[in-house]
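Asker: If you scroll down you'll find the structure; I have some questions about it.
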Amino acid sequence: MRNERTYKGKGVKAELSAFGASLWKKYLKFYRRNRIRGIGTVGLCLIMPISMVLAFKRSRINYIEVVSSWFKSKESAVDVADVSSEEPESGFNIIVKFTYGTICSEPNFKKKVQNTVTKGQKFEVLETSGNFYRIEYLQNRFGWIDKYYVEKEGQEEPKVEDPHNPVEIKGDTATALKKICQDYSAMGVGVAVIKDGKVSYTYCYGYANKAQRKKINVDTKFRPASLSKIISTLSTMTLVDAGRIDLDRNVEDYFGFRFRNPLFPEVEITPRMLLNHSSSLADEYIIYTGSNAGTRLKDLVVDLKSYNNQKPGKEFSYSNSGFGIVGSLDEKVTNMHYIYFTDSVLFDRLGLDAAFGGQSLNDKNNVAECYKVGKIYRSRGVLVKDRQIRAPGDTYILAQGSLLISPKDYAKLVTIFINDGMYGNIRVLSKEAVKEVEKEYMKDDKFRYCLGFKKSTNYVPGHDMYYHGGNAYGVYASVCYDEKQKSGCVVMTSGAWGTFDDNHFYKVCQKLTQQCYADLIDKNS
């Protein structure tokens, strides 16, 4: 080893080198005395910093921001973060309006999330930059929150005024509906009828749980299968209104990974294609591969098995997988789990007890079992079970069929389309967004296809109806509405005889709907 004297007179660098050499000599002496301890010491020196780096990297907290905030006041922090060319807007309060709002380390939605805030929390705005407010979300911890999550104090949305006051169907109509239920061996049925733009009538039949003799009531939640897609359309269009989603933009721009049919690699896939079933995504492969195994979405959408041999945007091909990805898209652009996003923009906002995840229902006991051939095929306990929640937008979301809702509350949401986006005194969608949903994009010999809905003159005689049906685990359901007449009908069953006609209309739902129209809408019009 070199003599330490050779480093003399060469400044700080030489002194540090001499110090290092001295440490190395001491370590070698220590190692010769006890080799096991020597090896262990080196191991600790290597493992500890690596472990700390990994822990910090996986943490949602931005430790650099936290530590730096200890050494600066609020005023200096604001000065450092000023990225606006205009005079900063500050000094007013904001209130979180969603179930969760995310805090970013910079005024950029894609930057790492530091923490979350919850509905009703109030903060003072320290600075404004574009679509972001800078706040102190914890003591001496600062971050940026997107304006999408908040509203200014004093400008809060008014308390919702529910315009609906339905009455129970009785008399001859109730008798006729009961006979239809019996003819199709229905276990339980809920019906809601819309008249003059309001939910005006309800009807209940049979059991939510036959063994317990628990009957269907007006607030019983069903799992209406693919009727979920209409509510997914509604929630997604709120993001279109907010400027968060462009219907004709490449979905790769939102997800940040390749998302194209390998058979047509030059063709972009857009949110509009997902919503009108022209994305070329196969119907079920992604559902069973993604939702059961938890495979990451970016790995699923490059798999050839996920697609049909169909050019995106040119042909209707019903796709449960495509509509589930609509839920993943909503998660990605809001950084909120789909369950809490839909709670925030629809269910909690409008005072409805419904959910895309049973854990957020208020009344988990009033949920109908799913019956098939008289036996429980999907239990209430399974339907309301808490789901494992992963990072927003990373995995496939069951937005295509996992909704739990009563026919009455579902019909209330349908009136938003009928009433040009209004729910009582609350605007949920713009008129323009409703027109986009109702626009006819494609057609064949049976249907004209819109966003979410199909359109047909064959479901109810004399009416040009926006329509969708649903079936799963033995249950059958349907929704339809006549936009010009401002009428509609929602039917949900907890299990029935599942025959259908040439248009694939479920007969039990169609018969019940036609009876309601004949007796309650057309008769008096």
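Each chain in the structure tokens gets a letter, A, B and so on, in the order shown; residues start at 1 in every chain, and ligands are counted from 1 in the order they appear.
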Please give the complete set of residues from segment 341-471 of chain A that DSSP, run on the backbone, assigns to alpha helix (DSSP H), formatted as a ChimeraX atom specification.
Answerer: /A:341-342,348-350,380-383,407-418,431-438
Asker: Tyr459 of chain A: which residues within 9 Å, counting only C-alpha atoms, same-chain residues fewer than 4 positions away excluded, as a ChimeraX atom specification?
Answerer: /A:463-465,467,480,503,505,510,513-514
Asker: Skip Asp482 of chain A itself and residues of its chain fewer than 2 positions away, then list as a PDB file with all heavy atoms, in the first residue's frame all residues within 12 Å of it, counting only C-alpha atoms.
Answerer:
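What landed in result-v3.pdb:
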```pdb
ATOM      1  N   VAL A 193     -91.056   3.040 -14.195  1.00  0.00           N
ATOM      2  CA  VAL A 193     -91.593   3.631 -15.415  1.00  0.00           C
ATOM      3  C   VAL A 193     -91.384   5.144 -15.394  1.00  0.00           C
ATOM      4  O   VAL A 193     -91.667   5.809 -14.392  1.00  0.00           O
ATOM      5  CB  VAL A 193     -93.103   3.320 -15.565  1.00  0.00           C
ATOM      6  CG1 VAL A 193     -93.658   3.952 -16.842  1.00  0.00           C
ATOM      7  CG2 VAL A 193     -93.332   1.814 -15.577  1.00  0.00           C
ATOM      8  N   ILE A 194     -90.877   5.664 -16.519  1.00  0.00           N
ATOM      9  CA  ILE A 194     -90.637   7.103 -16.674  1.00  0.00           C
ATOM     10  C   ILE A 194     -91.754   7.693 -17.521  1.00  0.00           C
ATOM     11  O   ILE A 194     -92.066   7.182 -18.598  1.00  0.00           O
ATOM     12  CB  ILE A 194     -89.280   7.354 -17.364  1.00  0.00           C
ATOM     13  CG1 ILE A 194     -88.139   6.732 -16.553  1.00  0.00           C
ATOM     14  CG2 ILE A 194     -89.052   8.850 -17.574  1.00  0.00           C
ATOM     15  CD1 ILE A 194     -86.829   6.642 -17.317  1.00  0.00           C
ATOM     16  N   LYS A 195     -92.334   8.758 -17.031  1.00  0.00           N
ATOM     17  CA  LYS A 195     -93.387   9.454 -17.778  1.00  0.00           C
ATOM     18  C   LYS A 195     -93.178  10.954 -17.631  1.00  0.00           C
ATOM     19  O   LYS A 195     -92.905  11.444 -16.531  1.00  0.00           O
ATOM     20  CB  LYS A 195     -94.766   9.062 -17.251  1.00  0.00           C
ATOM     21  CG  LYS A 195     -95.928   9.636 -18.063  1.00  0.00           C
ATOM     22  CD  LYS A 195     -97.261   9.109 -17.565  1.00  0.00           C
ATOM     23  CE  LYS A 195     -98.418   9.651 -18.411  1.00  0.00           C
ATOM     24  NZ  LYS A 195     -99.722   9.127 -17.951  1.00  0.00           N
ATOM     25  N   ASP A 196     -93.262  11.677 -18.746  1.00  0.00           N
ATOM     26  CA  ASP A 196     -93.055  13.131 -18.745  1.00  0.00           C
ATOM     27  C   ASP A 196     -91.708  13.517 -18.124  1.00  0.00           C
ATOM     28  O   ASP A 196     -91.593  14.515 -17.410  1.00  0.00           O
ATOM     29  CB  ASP A 196     -94.195  13.830 -18.006  1.00  0.00           C
ATOM     30  CG  ASP A 196     -95.539  13.600 -18.670  1.00  0.00           C
ATOM     31  OD1 ASP A 196     -95.578  13.500 -19.909  1.00  0.00           O
ATOM     32  OD2 ASP A 196     -96.545  13.490 -17.946  1.00  0.00           O
ATOM     33  N   GLY A 197     -90.696  12.694 -18.375  1.00  0.00           N
ATOM     34  CA  GLY A 197     -89.345  13.000 -17.922  1.00  0.00           C
ATOM     35  C   GLY A 197     -89.072  12.716 -16.463  1.00  0.00           C
ATOM     36  O   GLY A 197     -87.994  13.052 -15.962  1.00  0.00           O
ATOM     37  N   VAL A 414     -81.435   7.514 -16.006  1.00  0.00           N
ATOM     38  CA  VAL A 414     -81.835   7.544 -17.415  1.00  0.00           C
ATOM     39  C   VAL A 414     -82.507   8.872 -17.760  1.00  0.00           C
ATOM     40  O   VAL A 414     -82.360   9.386 -18.875  1.00  0.00           O
ATOM     41  CB  VAL A 414     -82.779   6.364 -17.739  1.00  0.00           C
ATOM     42  CG1 VAL A 414     -83.359   6.482 -19.155  1.00  0.00           C
ATOM     43  CG2 VAL A 414     -82.031   5.042 -17.596  1.00  0.00           C
ATOM     44  N   THR A 415     -83.220   9.462 -16.811  1.00  0.00           N
ATOM     45  CA  THR A 415     -83.885  10.744 -17.087  1.00  0.00           C
ATOM     46  C   THR A 415     -82.887  11.860 -17.390  1.00  0.00           C
ATOM     47  O   THR A 415     -83.264  12.882 -17.957  1.00  0.00           O
ATOM     48  CB  THR A 415     -84.788  11.177 -15.915  1.00  0.00           C
ATOM     49  OG1 THR A 415     -83.985  11.434 -14.747  1.00  0.00           O
ATOM     50  CG2 THR A 415     -85.833  10.116 -15.596  1.00  0.00           C
ATOM     51  N   PHE A 417     -80.534  11.672 -19.591  1.00  0.00           N
ATOM     52  CA  PHE A 417     -80.502  11.707 -21.058  1.00  0.00           C
ATOM     53  C   PHE A 417     -81.796  12.320 -21.606  1.00  0.00           C
ATOM     54  O   PHE A 417     -81.767  13.115 -22.543  1.00  0.00           O
ATOM     55  CB  PHE A 417     -80.327  10.304 -21.622  1.00  0.00           C
ATOM     56  CG  PHE A 417     -79.031   9.651 -21.245  1.00  0.00           C
ATOM     57  CD1 PHE A 417     -79.005   8.577 -20.372  1.00  0.00           C
ATOM     58  CD2 PHE A 417     -77.831  10.100 -21.767  1.00  0.00           C
ATOM     59  CE1 PHE A 417     -77.810   7.962 -20.026  1.00  0.00           C
ATOM     60  CE2 PHE A 417     -76.625   9.499 -21.432  1.00  0.00           C
ATOM     61  CZ  PHE A 417     -76.617   8.426 -20.548  1.00  0.00           C
ATOM     62  N   ILE A 418     -82.915  11.967 -21.015  1.00  0.00           N
ATOM     63  CA  ILE A 418     -84.214  12.447 -21.490  1.00  0.00           C
ATOM     64  C   ILE A 418     -84.342  13.959 -21.314  1.00  0.00           C
ATOM     65  O   ILE A 418     -84.907  14.653 -22.156  1.00  0.00           O
ATOM     66  CB  ILE A 418     -85.349  11.716 -20.743  1.00  0.00           C
ATOM     67  CG1 ILE A 418     -85.366  10.231 -21.125  1.00  0.00           C
ATOM     68  CG2 ILE A 418     -86.707  12.353 -21.029  1.00  0.00           C
ATOM     69  CD1 ILE A 418     -86.362   9.396 -20.346  1.00  0.00           C
ATOM     70  N   ASN A 419     -83.795  14.480 -20.214  1.00  0.00           N
ATOM     71  CA  ASN A 419     -83.964  15.893 -19.863  1.00  0.00           C
ATOM     72  C   ASN A 419     -82.734  16.740 -20.218  1.00  0.00           C
ATOM     73  O   ASN A 419     -82.398  17.690 -19.507  1.00  0.00           O
ATOM     74  CB  ASN A 419     -84.281  16.021 -18.371  1.00  0.00           C
ATOM     75  CG  ASN A 419     -85.618  15.390 -18.026  1.00  0.00           C
ATOM     76  OD1 ASN A 419     -86.609  15.570 -18.741  1.00  0.00           O
ATOM     77  ND2 ASN A 419     -85.669  14.629 -16.941  1.00  0.00           N
ATOM     78  N   GLU A 438     -76.544  10.134 -28.096  1.00  0.00           N
ATOM     79  CA  GLU A 438     -77.715   9.712 -28.866  1.00  0.00           C
ATOM     80  C   GLU A 438     -77.476   9.692 -30.379  1.00  0.00           C
ATOM     81  O   GLU A 438     -78.328   9.224 -31.140  1.00  0.00           O
ATOM     82  CB  GLU A 438     -78.899  10.621 -28.543  1.00  0.00           C
ATOM     83  CG  GLU A 438     -79.341  10.499 -27.084  1.00  0.00           C
ATOM     84  CD  GLU A 438     -80.495  11.418 -26.723  1.00  0.00           C
ATOM     85  OE1 GLU A 438     -80.694  12.430 -27.441  1.00  0.00           O
ATOM     86  OE2 GLU A 438     -81.199  11.127 -25.737  1.00  0.00           O
ATOM     87  N   LYS A 455     -80.540   1.524 -30.922  1.00  0.00           N
ATOM     88  CA  LYS A 455     -81.810   2.185 -31.181  1.00  0.00           C
ATOM     89  C   LYS A 455     -82.656   1.306 -32.099  1.00  0.00           C
ATOM     90  O   LYS A 455     -82.152   0.772 -33.096  1.00  0.00           O
ATOM     91  CB  LYS A 455     -81.592   3.566 -31.806  1.00  0.00           C
ATOM     92  CG  LYS A 455     -82.775   4.507 -31.626  1.00  0.00           C
ATOM     93  CD  LYS A 455     -82.468   5.919 -32.087  1.00  0.00           C
ATOM     94  CE  LYS A 455     -83.651   6.839 -31.798  1.00  0.00           C
ATOM     95  NZ  LYS A 455     -83.426   8.201 -32.356  1.00  0.00           N
ATOM     96  N   SER A 456     -83.953   1.161 -31.748  1.00  0.00           N
ATOM     97  CA  SER A 456     -84.817   0.256 -32.497  1.00  0.00           C
ATOM     98  C   SER A 456     -86.277   0.684 -32.388  1.00  0.00           C
ATOM     99  O   SER A 456     -86.699   1.243 -31.360  1.00  0.00           O
ATOM    100  CB  SER A 456     -84.665  -1.175 -31.968  1.00  0.00           C
ATOM    101  OG  SER A 456     -85.594  -2.045 -32.564  1.00  0.00           O
ATOM    102  N   THR A 457     -87.051   0.391 -33.434  1.00  0.00           N
ATOM    103  CA  THR A 457     -88.505   0.614 -33.409  1.00  0.00           C
ATOM    104  C   THR A 457     -89.243  -0.678 -33.078  1.00  0.00           C
ATOM    105  O   THR A 457     -90.477  -0.710 -33.089  1.00  0.00           O
ATOM    106  CB  THR A 457     -88.989   1.138 -34.778  1.00  0.00           C
ATOM    107  OG1 THR A 457     -88.603   0.201 -35.791  1.00  0.00           O
ATOM    108  CG2 THR A 457     -88.383   2.497 -35.082  1.00  0.00           C
ATOM    109  N   TYR A 459     -88.857  -2.663 -30.194  1.00  0.00           N
ATOM    110  CA  TYR A 459     -88.985  -3.091 -28.794  1.00  0.00           C
ATOM    111  C   TYR A 459     -90.384  -2.826 -28.250  1.00  0.00           C
ATOM    112  O   TYR A 459     -90.990  -3.697 -27.618  1.00  0.00           O
ATOM    113  CB  TYR A 459     -87.940  -2.393 -27.929  1.00  0.00           C
ATOM    114  CG  TYR A 459     -87.764  -3.056 -26.575  1.00  0.00           C
ATOM    115  CD1 TYR A 459     -87.350  -4.381 -26.490  1.00  0.00           C
ATOM    116  CD2 TYR A 459     -88.003  -2.369 -25.396  1.00  0.00           C
ATOM    117  CE1 TYR A 459     -87.193  -5.006 -25.269  1.00  0.00           C
ATOM    118  CE2 TYR A 459     -87.834  -2.984 -24.163  1.00  0.00           C
ATOM    119  CZ  TYR A 459     -87.436  -4.301 -24.112  1.00  0.00           C
ATOM    120  OH  TYR A 459     -87.280  -4.927 -22.901  1.00  0.00           O
ATOM    121  N   VAL A 460     -90.899  -1.644 -28.481  1.00  0.00           N
ATOM    122  CA  VAL A 460     -92.261  -1.284 -28.081  1.00  0.00           C
ATOM    123  C   VAL A 460     -92.967  -0.723 -29.310  1.00  0.00           C
ATOM    124  O   VAL A 460     -92.461   0.226 -29.923  1.00  0.00           O
ATOM    125  CB  VAL A 460     -92.259  -0.235 -26.947  1.00  0.00           C
ATOM    126  CG1 VAL A 460     -93.692   0.168 -26.596  1.00  0.00           C
ATOM    127  CG2 VAL A 460     -91.546  -0.773 -25.713  1.00  0.00           C
ATOM    128  N   PRO A 461     -94.114  -1.279 -29.703  1.00  0.00           N
ATOM    129  CA  PRO A 461     -94.817  -0.808 -30.899  1.00  0.00           C
ATOM    130  C   PRO A 461     -95.103   0.691 -30.857  1.00  0.00           C
ATOM    131  O   PRO A 461     -95.550   1.226 -29.839  1.00  0.00           O
ATOM    132  CB  PRO A 461     -96.127  -1.613 -30.870  1.00  0.00           C
ATOM    133  CG  PRO A 461     -95.799  -2.848 -30.103  1.00  0.00           C
ATOM    134  CD  PRO A 461     -94.808  -2.410 -29.062  1.00  0.00           C
ATOM    135  N   GLY A 462     -94.780   1.372 -31.972  1.00  0.00           N
ATOM    136  CA  GLY A 462     -95.058   2.798 -32.081  1.00  0.00           C
ATOM    137  C   GLY A 462     -94.031   3.714 -31.457  1.00  0.00           C
ATOM    138  O   GLY A 462     -94.242   4.931 -31.418  1.00  0.00           O
ATOM    139  N   HIS A 463     -92.893   3.149 -31.008  1.00  0.00           N
ATOM    140  CA  HIS A 463     -91.876   3.965 -30.344  1.00  0.00           C
ATOM    141  C   HIS A 463     -90.495   3.671 -30.917  1.00  0.00           C
ATOM    142  O   HIS A 463     -90.110   2.517 -31.107  1.00  0.00           O
ATOM    143  CB  HIS A 463     -91.859   3.698 -28.836  1.00  0.00           C
ATOM    144  CG  HIS A 463     -93.100   4.130 -28.137  1.00  0.00           C
ATOM    145  ND1 HIS A 463     -93.276   5.391 -27.623  1.00  0.00           N
ATOM    146  CD2 HIS A 463     -94.260   3.437 -27.883  1.00  0.00           C
ATOM    147  CE1 HIS A 463     -94.474   5.475 -27.072  1.00  0.00           C
ATOM    148  NE2 HIS A 463     -95.092   4.311 -27.217  1.00  0.00           N
ATOM    149  N   ASP A 464     -89.748   4.731 -31.202  1.00  0.00           N
ATOM    150  CA  ASP A 464     -88.354   4.611 -31.617  1.00  0.00           C
ATOM    151  C   ASP A 464     -87.513   4.719 -30.355  1.00  0.00           C
ATOM    152  O   ASP A 464     -87.330   5.818 -29.808  1.00  0.00           O
ATOM    153  CB  ASP A 464     -88.001   5.709 -32.615  1.00  0.00           C
ATOM    154  CG  ASP A 464     -86.686   5.438 -33.333  1.00  0.00           C
ATOM    155  OD1 ASP A 464     -86.136   4.329 -33.161  1.00  0.00           O
ATOM    156  OD2 ASP A 464     -86.205   6.334 -34.051  1.00  0.00           O
ATOM    157  N   MET A 465     -86.992   3.585 -29.884  1.00  0.00           N
ATOM    158  CA  MET A 465     -86.423   3.487 -28.545  1.00  0.00           C
ATOM    159  C   MET A 465     -84.897   3.409 -28.528  1.00  0.00           C
ATOM    160  O   MET A 465     -84.291   2.689 -29.328  1.00  0.00           O
ATOM    161  CB  MET A 465     -86.943   2.219 -27.853  1.00  0.00           C
ATOM    162  CG  MET A 465     -88.392   2.270 -27.452  1.00  0.00           C
ATOM    163  SD  MET A 465     -88.595   3.354 -26.025  1.00  0.00           S
ATOM    164  CE  MET A 465     -90.226   2.871 -25.493  1.00  0.00           C
ATOM    165  N   TYR A 466     -84.286   4.159 -27.600  1.00  0.00           N
ATOM    166  CA  TYR A 466     -82.922   3.871 -27.186  1.00  0.00           C
ATOM    167  C   TYR A 466     -83.027   2.689 -26.226  1.00  0.00           C
ATOM    168  O   TYR A 466     -83.846   2.707 -25.291  1.00  0.00           O
ATOM    169  CB  TYR A 466     -82.290   5.074 -26.492  1.00  0.00           C
ATOM    170  CG  TYR A 466     -82.047   6.224 -27.430  1.00  0.00           C
ATOM    171  CD1 TYR A 466     -82.989   7.235 -27.583  1.00  0.00           C
ATOM    172  CD2 TYR A 466     -80.878   6.297 -28.187  1.00  0.00           C
ATOM    173  CE1 TYR A 466     -82.766   8.294 -28.460  1.00  0.00           C
ATOM    174  CE2 TYR A 466     -80.646   7.347 -29.059  1.00  0.00           C
ATOM    175  CZ  TYR A 466     -81.601   8.338 -29.198  1.00  0.00           C
ATOM    176  OH  TYR A 466     -81.384   9.371 -30.068  1.00  0.00           O
ATOM    177  N   TYR A 467     -82.207   1.675 -26.442  1.00  0.00           N
ATOM    178  CA  TYR A 467     -82.417   0.397 -25.734  1.00  0.00           C
ATOM    179  C   TYR A 467     -81.085  -0.241 -25.347  1.00  0.00           C
ATOM    180  O   TYR A 467     -80.069  -0.082 -26.029  1.00  0.00           O
ATOM    181  CB  TYR A 467     -83.199  -0.573 -26.633  1.00  0.00           C
ATOM    182  CG  TYR A 467     -83.127  -2.018 -26.188  1.00  0.00           C
ATOM    183  CD1 TYR A 467     -83.993  -2.511 -25.216  1.00  0.00           C
ATOM    184  CD2 TYR A 467     -82.163  -2.890 -26.730  1.00  0.00           C
ATOM    185  CE1 TYR A 467     -83.909  -3.836 -24.797  1.00  0.00           C
ATOM    186  CE2 TYR A 467     -82.079  -4.205 -26.307  1.00  0.00           C
ATOM    187  CZ  TYR A 467     -82.954  -4.672 -25.342  1.00  0.00           C
ATOM    188  OH  TYR A 467     -82.868  -5.977 -24.910  1.00  0.00           O
ATOM    189  N   VAL A 479     -83.426  -1.676 -20.371  1.00  0.00           N
ATOM    190  CA  VAL A 479     -83.741  -0.260 -20.230  1.00  0.00           C
ATOM    191  C   VAL A 479     -84.105   0.256 -21.613  1.00  0.00           C
ATOM    192  O   VAL A 479     -83.506  -0.144 -22.617  1.00  0.00           O
ATOM    193  CB  VAL A 479     -82.550   0.540 -19.653  1.00  0.00           C
ATOM    194  CG1 VAL A 479     -81.287   0.354 -20.486  1.00  0.00           C
ATOM    195  CG2 VAL A 479     -82.905   2.033 -19.576  1.00  0.00           C
ATOM    196  N   CYS A 480     -85.099   1.124 -21.678  1.00  0.00           N
ATOM    197  CA  CYS A 480     -85.440   1.774 -22.941  1.00  0.00           C
ATOM    198  C   CYS A 480     -86.029   3.144 -22.634  1.00  0.00           C
ATOM    199  O   CYS A 480     -86.567   3.376 -21.544  1.00  0.00           O
ATOM    200  CB  CYS A 480     -86.438   0.937 -23.748  1.00  0.00           C
ATOM    201  SG  CYS A 480     -88.048   0.747 -22.964  1.00  0.00           S
ATOM    202  N   LYS A 484     -88.362  11.638 -27.567  1.00  0.00           N
ATOM    203  CA  LYS A 484     -89.364  12.630 -27.972  1.00  0.00           C
ATOM    204  C   LYS A 484     -90.547  12.665 -27.013  1.00  0.00           C
ATOM    205  O   LYS A 484     -91.070  13.729 -26.690  1.00  0.00           O
ATOM    206  CB  LYS A 484     -89.833  12.335 -29.394  1.00  0.00           C
ATOM    207  CG  LYS A 484     -88.745  12.535 -30.447  1.00  0.00           C
ATOM    208  CD  LYS A 484     -89.269  12.259 -31.850  1.00  0.00           C
ATOM    209  CE  LYS A 484     -88.179  12.490 -32.883  1.00  0.00           C
ATOM    210  NZ  LYS A 484     -88.643  12.190 -34.261  1.00  0.00           N
ATOM    211  N   GLN A 485     -90.955  11.493 -26.545  1.00  0.00           N
ATOM    212  CA  GLN A 485     -92.108  11.417 -25.635  1.00  0.00           C
ATOM    213  C   GLN A 485     -91.699  11.611 -24.174  1.00  0.00           C
ATOM    214  O   GLN A 485     -92.556  11.758 -23.304  1.00  0.00           O
ATOM    215  CB  GLN A 485     -92.806  10.065 -25.804  1.00  0.00           C
ATOM    216  CG  GLN A 485     -94.193   9.983 -25.180  1.00  0.00           C
ATOM    217  CD  GLN A 485     -94.765   8.595 -25.265  1.00  0.00           C
ATOM    218  OE1 GLN A 485     -94.048   7.601 -25.123  1.00  0.00           O
ATOM    219  NE2 GLN A 485     -96.068   8.496 -25.484  1.00  0.00           N
ATOM    220  N   LYS A 486     -90.392  11.585 -23.900  1.00  0.00           N
ATOM    221  CA  LYS A 486     -89.865  11.683 -22.532  1.00  0.00           C
ATOM    222  C   LYS A 486     -90.408  10.569 -21.639  1.00  0.00           C
ATOM    223  O   LYS A 486     -90.819  10.789 -20.494  1.00  0.00           O
ATOM    224  CB  LYS A 486     -90.159  13.056 -21.918  1.00  0.00           C
ATOM    225  CG  LYS A 486     -89.400  14.205 -22.585  1.00  0.00           C
ATOM    226  CD  LYS A 486     -89.608  15.509 -21.854  1.00  0.00           C
ATOM    227  CE  LYS A 486     -88.774  16.626 -22.454  1.00  0.00           C
ATOM    228  NZ  LYS A 486     -87.323  16.407 -22.299  1.00  0.00           N
ATOM    229  N   SER A 487     -90.433   9.373 -22.190  1.00  0.00           N
ATOM    230  CA  SER A 487     -90.922   8.207 -21.460  1.00  0.00           C
ATOM    231  C   SER A 487     -89.859   7.113 -21.479  1.00  0.00           C
ATOM    232  O   SER A 487     -88.911   7.161 -22.275  1.00  0.00           O
ATOM    233  CB  SER A 487     -92.207   7.678 -22.093  1.00  0.00           C
ATOM    234  OG  SER A 487     -91.949   7.229 -23.423  1.00  0.00           O
ATOM    235  N   GLY A 488     -90.025   6.117 -20.616  1.00  0.00           N
ATOM    236  CA  GLY A 488     -89.070   5.026 -20.588  1.00  0.00           C
ATOM    237  C   GLY A 488     -89.458   3.972 -19.578  1.00  0.00           C
ATOM    238  O   GLY A 488     -90.413   4.144 -18.799  1.00  0.00           O
ATOM    239  N   CYS A 489     -88.723   2.866 -19.577  1.00  0.00           N
ATOM    240  CA  CYS A 489     -89.020   1.783 -18.634  1.00  0.00           C
ATOM    241  C   CYS A 489     -87.744   0.998 -18.329  1.00  0.00           C
ATOM    242  O   CYS A 489     -86.942   0.715 -19.233  1.00  0.00           O
ATOM    243  CB  CYS A 489     -90.074   0.849 -19.231  1.00  0.00           C
ATOM    244  SG  CYS A 489     -90.682  -0.406 -18.076  1.00  0.00           S
ATOM    245  N   TYR A 517     -96.159   0.304 -20.987  1.00  0.00           N
ATOM    246  CA  TYR A 517     -96.418   1.341 -21.993  1.00  0.00           C
ATOM    247  C   TYR A 517     -97.891   1.366 -22.393  1.00  0.00           C
ATOM    248  O   TYR A 517     -98.502   2.436 -22.514  1.00  0.00           O
ATOM    249  CB  TYR A 517     -95.522   1.141 -23.218  1.00  0.00           C
ATOM    250  CG  TYR A 517     -94.340   2.064 -23.218  1.00  0.00           C
ATOM    251  CD1 TYR A 517     -93.175   1.742 -22.524  1.00  0.00           C
ATOM    252  CD2 TYR A 517     -94.388   3.292 -23.872  1.00  0.00           C
ATOM    253  CE1 TYR A 517     -92.097   2.601 -22.498  1.00  0.00           C
ATOM    254  CE2 TYR A 517     -93.307   4.163 -23.854  1.00  0.00           C
ATOM    255  CZ  TYR A 517     -92.166   3.815 -23.159  1.00  0.00           C
ATOM    256  OH  TYR A 517     -91.098   4.687 -23.123  1.00  0.00           O
ATOM    257  N   ILE A 521     -98.652   4.712 -20.226  1.00  0.00           N
ATOM    258  CA  ILE A 521     -98.103   5.805 -21.038  1.00  0.00           C
ATOM    259  C   ILE A 521     -98.958   6.062 -22.273  1.00  0.00           C
ATOM    260  O   ILE A 521     -99.513   7.144 -22.452  1.00  0.00           O
ATOM    261  CB  ILE A 521     -96.639   5.505 -21.427  1.00  0.00           C
ATOM    262  CG1 ILE A 521     -95.774   5.430 -20.158  1.00  0.00           C
ATOM    263  CG2 ILE A 521     -96.097   6.583 -22.363  1.00  0.00           C
ATOM    264  CD1 ILE A 521     -94.354   5.003 -20.386  1.00  0.00           C
ATOM    265  N   ASP A 522     -99.096   5.067 -23.134  1.00  0.00           N
ATOM    266  CA  ASP A 522     -99.813   5.276 -24.392  1.00  0.00           C
ATOM    267  C   ASP A 522    -101.319   5.441 -24.190  1.00  0.00           C
ATOM    268  O   ASP A 522    -101.976   6.174 -24.936  1.00  0.00           O
ATOM    269  CB  ASP A 522     -99.553   4.110 -25.341  1.00  0.00           C
ATOM    270  CG  ASP A 522     -98.108   4.062 -25.800  1.00  0.00           C
ATOM    271  OD1 ASP A 522     -97.425   5.106 -25.709  1.00  0.00           O
ATOM    272  OD2 ASP A 522     -97.639   2.993 -26.225  1.00  0.00           O
TER     273      ASP A 522
END
```
Asker: Have a look at A:Tyr506, A:Tyr410, A:Phe264, A:Phe222 and name the one nearest to Ala192 of chain A; count only C-alpha atoms.
Answerer: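 The shortest atom-to-atom distance to Ala192 of chain A comes from A:Tyr410.
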Asker: Taking 5 positions as the minimum chain separation for residues in the same chain, which residues sit within 6 Å of segment 104-108 of chain A when counting only C-alpha atoms? Answer as a list in words.
Answerer: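 Listing them by chain and then by number gives Val113, Gln114, Phe132, Gly143 and Trp144 of chain A.
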Asker: One decimal, Å: what's the distance from atom CA of Ser317 of chain A over to atom CA of Ser280 of chain A, could you say?
Answerer: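 Going from atom CA of Ser317 of chain A over to atom CA of Ser280 of chain A, I get 6.8 Å.
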Asker: Listing only residues of segment 303-421 of chain A within 9 Å of segment 94-100 of chain A, what is the closest atom pair and its distance in Å (to one decimal) for each, using only C-alpha atoms, sorted by chain and residue number ascending, as a tab-separated table?
Answerer:
```
residue	atom	partner	partner_atom	distance
A:Met336	CA	A:Tyr100	CA	7.1
A:Tyr340	CA	A:Thr99	CA	6.2
A:Phe341	CA	A:Thr99	CA	7.5
A:Asp343	CA	A:Thr99	CA	7.4
A:Ser344	CA	A:Phe98	CA	5.1
A:Val345	CA	A:Phe98	CA	7.5
A:Asp348	CA	A:Thr99	CA	8.8
A:Arg349	CA	A:Phe98	CA	8.8
```
Asker: Mind writing the picked residues with C-alpha atoms as a tab-separated table (two decimals), in the first residue's frame?
Answerer:
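And here's part38.tsv as it stands now:
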```tsv
chain	number	residue	atom	x	y	z
A	336	MET	CA	-59.35	7.69	-8.86
A	340	TYR	CA	-65.04	6.09	-5.97
A	341	PHE	CA	-65.12	8.03	-9.23
A	343	ASP	CA	-69.70	7.47	-6.40
A	344	SER	CA	-68.41	11.02	-6.68
A	345	VAL	CA	-69.82	12.11	-10.04
A	348	ASP	CA	-73.23	10.27	-3.86
A	349	ARG	CA	-73.69	13.49	-5.79
```
Asker: Rank nothing, just name the residue among A:Thr233, A:Gln359, A:Asn131, A:Ser402 nearest to Lys147 of chain A, using only C-alpha atoms.
Answerer: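 Once distances to Lys147 of chain A are computed over only C-alpha atoms, the minimum belongs to A:Asn131.
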